[in-house]
Every structure is written in C-alpha cells, then in structure tokens.
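> Just final_2.pdb, nothing more (PDB, C-alpha atoms, pLDDT in the B column):
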ATOM      1  CA  MET A   1     -10.143   3.950   9.723  1.00 42.00           C
ATOM      2  CA  LEU A   2      -9.043   0.821  11.594  1.00 43.00           C
ATOM      3  CA  ASN A   3      -5.660   0.195   9.991  1.00 43.00           C
ATOM      4  CA  MET A   4      -3.802   2.746  12.046  1.00 46.00           C
ATOM      5  CA  ARG A   5      -0.111   2.859  12.758  1.00 44.00           C
ATOM      6  CA  ASP A   6       0.536   2.180  16.391  1.00 45.00           C
ATOM      7  CA  LYS A   7       2.963   5.004  17.145  1.00 42.00           C
ATOM      8  CA  ASN A   8       4.119   3.393  20.368  1.00 43.00           C
ATOM      9  CA  ALA A   9       4.765  -0.060  18.943  1.00 44.00           C
ATOM     10  CA  GLY A  10       5.879   1.098  15.478  1.00 44.00           C
ATOM     11  CA  TYR A  11       3.806  -1.305  13.393  1.00 44.00           C
ATOM     12  CA  TYR A  12       0.518  -1.436  11.527  1.00 47.00           C
ATOM     13  CA  HIS A  13      -2.514  -3.373  12.713  1.00 50.00           C
ATOM     14  CA  ASN A  14      -4.274  -5.381  10.028  1.00 56.00           C
ATOM     15  CA  ALA A  15      -7.860  -5.036  11.189  1.00 52.00           C
ATOM     16  CA  VAL A  16      -9.157  -7.658   8.750  1.00 55.00           C
ATOM     17  CA  MET A  17      -7.530 -10.157  11.076  1.00 71.00           C
ATOM     18  CA  VAL A  18      -9.931  -8.996  13.788  1.00 80.00           C
ATOM     19  CA  PHE A  19     -12.416 -11.478  12.330  1.00 91.00           C
ATOM     20  CA  THR A  20     -11.596 -15.029  11.350  1.00 91.00           C
ATOM     21  CA  ARG A  21     -12.618 -16.432   7.977  1.00 92.00           C
ATOM     22  CA  VAL A  22     -15.526 -18.222   9.677  1.00 92.00           C
ATOM     23  CA  GLN A  23     -16.677 -14.989  11.331  1.00 94.00           C
ATOM     24  CA  TRP A  24     -16.572 -13.135   7.981  1.00 95.00           C
ATOM     25  CA  GLU A  25     -18.657 -15.968   6.506  1.00 95.00           C
ATOM     26  CA  TYR A  26     -21.116 -15.608   9.383  1.00 95.00           C
ATOM     27  CA  ILE A  27     -21.444 -11.865   8.708  1.00 97.00           C
ATOM     28  CA  GLN A  28     -22.035 -12.602   5.023  1.00 97.00           C
ATOM     29  CA  LYS A  29     -24.658 -15.229   5.848  1.00 96.00           C
ATOM     30  CA  CYS A  30     -26.476 -13.050   8.405  1.00 96.00           C
ATOM     31  CA  TYR A  31     -26.866 -10.108   6.072  1.00 97.00           C
ATOM     32  CA  ARG A  32     -26.845 -11.984   2.753  1.00 97.00           C
ATOM     33  CA  PHE A  33     -24.069  -9.786   1.427  1.00 98.00           C
ATOM     34  CA  PRO A  34     -22.871 -10.556  -2.092  1.00 98.00           C
ATOM     35  CA  GLU A  35     -19.144 -10.990  -2.587  1.00 97.00           C
ATOM     36  CA  ARG A  36     -18.591  -7.383  -3.773  1.00 98.00           C
ATOM     37  CA  LYS A  37     -20.071  -5.948  -0.582  1.00 98.00           C
ATOM     38  CA  MET A  38     -17.876  -8.280   1.448  1.00 97.00           C
ATOM     39  CA  GLN A  39     -14.826  -7.029  -0.458  1.00 97.00           C
ATOM     40  CA  ILE A  40     -15.815  -3.461   0.375  1.00 97.00           C
ATOM     41  CA  LEU A  41     -16.353  -4.292   4.057  1.00 97.00           C
ATOM     42  CA  LYS A  42     -12.974  -5.999   4.331  1.00 95.00           C
ATOM     43  CA  LEU A  43     -11.273  -3.013   2.709  1.00 96.00           C
ATOM     44  CA  LEU A  44     -13.045  -0.738   5.189  1.00 96.00           C
ATOM     45  CA  PHE A  45     -11.636  -2.882   7.992  1.00 94.00           C
ATOM     46  CA  GLU A  46      -8.185  -2.535   6.426  1.00 92.00           C
ATOM     47  CA  GLY A  47      -8.548   1.193   6.945  1.00 92.00           C
ATOM     48  CA  LEU A  48      -9.226   2.318   3.391  1.00 95.00           C
ATOM     49  CA  GLU A  49     -11.356   5.366   2.649  1.00 97.00           C
ATOM     50  CA  ASN A  50     -14.040   5.372  -0.054  1.00 98.00           C
ATOM     51  CA  ASP A  51     -11.727   6.807  -2.716  1.00 98.00           C
ATOM     52  CA  GLU A  52      -9.046   4.214  -1.921  1.00 97.00           C
ATOM     53  CA  ILE A  53     -11.608   1.405  -2.045  1.00 98.00           C
ATOM     54  CA  ALA A  54     -12.798   2.656  -5.442  1.00 98.00           C
ATOM     55  CA  LYS A  55      -9.248   2.718  -6.754  1.00 98.00           C
ATOM     56  CA  LYS A  56      -8.392  -0.726  -5.399  1.00 97.00           C
ATOM     57  CA  LEU A  57     -11.565  -2.327  -6.828  1.00 98.00           C
ATOM     58  CA  LYS A  58     -11.405  -0.270 -10.045  1.00 98.00           C
ATOM     59  CA  ILE A  59     -14.900   1.119  -9.596  1.00 98.00           C
ATOM     60  CA  GLN A  60     -16.284   4.632  -9.365  1.00 98.00           C
ATOM     61  CA  TYR A  61     -16.257   6.545  -6.072  1.00 98.00           C
ATOM     62  CA  ASN A  62     -20.044   6.973  -6.281  1.00 98.00           C
ATOM     63  CA  THR A  63     -20.417   3.217  -6.703  1.00 98.00           C
ATOM     64  CA  VAL A  64     -18.579   2.700  -3.408  1.00 98.00           C
ATOM     65  CA  LYS A  65     -20.863   5.245  -1.741  1.00 98.00           C
ATOM     66  CA  ALA A  66     -23.906   3.456  -3.171  1.00 98.00           C
ATOM     67  CA  HIS A  67     -22.608   0.118  -1.863  1.00 98.00           C
ATOM     68  CA  PHE A  68     -22.154   1.604   1.604  1.00 98.00           C
ATOM     69  CA  GLY A  69     -25.664   3.069   1.461  1.00 98.00           C
ATOM     70  CA  ASN A  70     -27.029  -0.394   0.674  1.00 98.00           C
ATOM     71  CA  ILE A  71     -24.897  -1.970   3.402  1.00 98.00           C
ATOM     72  CA  TYR A  72     -26.107   0.589   5.975  1.00 98.00           C
ATOM     73  CA  LYS A  73     -29.719  -0.073   5.019  1.00 98.00           C
ATOM     74  CA  ARG A  74     -29.329  -3.839   5.220  1.00 98.00           C
ATOM     75  CA  VAL A  75     -27.533  -3.717   8.587  1.00 98.00           C
ATOM     76  CA  GLY A  76     -29.849  -1.026   9.977  1.00 98.00           C
ATOM     77  CA  VAL A  77     -27.248   1.653  10.653  1.00 98.00           C
ATOM     78  CA  GLN A  78     -26.541   5.176   9.435  1.00 98.00           C
ATOM     79  CA  ASN A  79     -22.754   5.448   9.285  1.00 98.00           C
ATOM     80  CA  LYS A  80     -19.462   3.545   9.368  1.00 97.00           C
ATOM     81  CA  VAL A  81     -19.022   3.808  13.121  1.00 97.00           C
ATOM     82  CA  GLN A  82     -22.416   2.216  13.736  1.00 98.00           C
ATOM     83  CA  LEU A  83     -21.642  -0.374  11.045  1.00 98.00           C
ATOM     84  CA  VAL A  84     -18.397  -1.448  12.715  1.00 96.00           C
ATOM     85  CA  ILE A  85     -20.093  -1.648  16.119  1.00 96.00           C
ATOM     86  CA  GLN A  86     -22.937  -3.728  14.682  1.00 97.00           C
ATOM     87  CA  LEU A  87     -20.565  -6.143  12.958  1.00 97.00           C
ATOM     88  CA  PHE A  88     -18.586  -6.622  16.163  1.00 95.00           C
ATOM     89  CA  THR A  89     -21.874  -7.202  18.001  1.00 96.00           C
ATOM     90  CA  ILE A  90     -23.076  -9.838  15.543  1.00 95.00           C
ATOM     91  CA  VAL A  91     -19.728 -11.648  15.715  1.00 94.00           C
ATOM     92  CA  GLN A  92     -19.813 -11.523  19.505  1.00 93.00           C
ATOM     93  CA  THR A  93     -23.275 -13.127  19.397  1.00 89.00           C
ATOM     94  CA  TYR A  94     -21.897 -15.805  17.082  1.00 87.00           C
ATOM     95  CA  ASN A  95     -18.966 -16.457  19.430  1.00 84.00           C
ATOM     96  CA  ARG A  96     -21.301 -16.849  22.413  1.00 81.00           C
ATOM     97  CA  SER A  97     -23.565 -19.246  20.537  1.00 80.00           C
ATOM     98  CA  LYS A  98     -20.563 -21.405  19.654  1.00 74.00           C
ATOM     99  CA  MET A  99     -19.368 -21.347  23.254  1.00 65.00           C
ATOM    100  CA  PHE A 100     -22.666 -22.746  24.561  1.00 63.00           C
ATOM    101  CA  LYS A 101     -22.813 -25.544  21.980  1.00 62.00           C
ATOM    102  CA  ARG A 102     -19.707 -27.244  23.356  1.00 55.00           C
TER     103      ARG A 102
END
Could you quickly redo this structure as structure tokens?


Amino acid sequence: MLNMRDKNAGYYHNAVMVFTRVQWEYIQKCYRFPERKMQILKLLFEGLENDEIAKKLKIQYNTVKAHFGNIYKRVGVQNKVQLVIQLFTIVQTYNRSKMFKR
C-alpha cells in the first residue's frame, strides 16, 4: 500500500520511517494497542497486504482480518485509507503539542 517503488527515482520508500519510534509509541498509547496490533500496523505501513502480513507473522489470514476489524473499531474508521489518515492526523496533533511546549 505505502511501500511503493518510486519509478522516477528507482528506489523503494520505507513508509515505516514516516513515523519516528516516539510517534509509534504515541499511537500505541493513544489507542492502547497491544504489541501484535502494532506489528500489524507497521507491516501495513511497509506496504504489505493481509496475506503477506499473515505469512510474515505466521498467523492465519482471517486472524489478520480480525485484527484489522478490531483496529478499525478502536480508531473509529471503516477501512485502511481512513485508518492511515487518522494515524497521520493523531501524529500531527502530537507534533503540534510538542511544538507548543518548547
């Protein structure tokens, strides 16, 4: 999804690097995601599809779908596009709050 080859530049973007470690921790804290759901989110941001996530984590495809269903419910979204937008929004809020505390 987000780990697309840039045809013009000839390299891959690693979308997990979009968020810093601290920002990932903030996302986890905001939504109280257990570690497994965070693993799934990070793999989504690496561009993996559900079947690839299942293979990488050695779990069933339906388990991945169930995890995403739970993630959507917790975040208040209905699909991956809305999920990505919401996570960027929450991180942007975090960044602004840090900027004003200086």

> My list of candidates is A:Val75, A:Arg36, A:Asn70, A:Cys30. Which is closest to Lys58 (chain A) when distances are computed with only C-alpha atoms?

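Nearest candidate to Lys58 (chain A) out of A:Val75, A:Arg36, A:Asn70, A:Cys30: A:Arg36.
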
> Given the file shown, enumerate the residues that the PyMOL selection byres ((chain A and resi 88) around 12) captures and present them as a PyMOL selection string.

chain A and resi 15+18-20+23-24+26-27+45+81-87+89-95

> Compile the contact shell of His67 (chain A) as a PyMOL selection string: residues with an atom at most 10 Å away, counting all atoms listed in the file, same-chain residues fewer than 3 positions apart removed.

chain A and resi 36-37+40-41+61-64+70-73

> What separation in Å, quoted to one decimal, exists between CA of Lys29 (chain A) and CA of Arg74 (chain A)?

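Here the two named atoms are 12.3 Å from each other.
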
> What gap, in Å, lies between CA of Gly47 (chain A) and CA of Asn79 (chain A)?

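According to the coordinates, CA of Gly47 (chain A) and CA of Asn79 (chain A) are separated by 15.0 Å.
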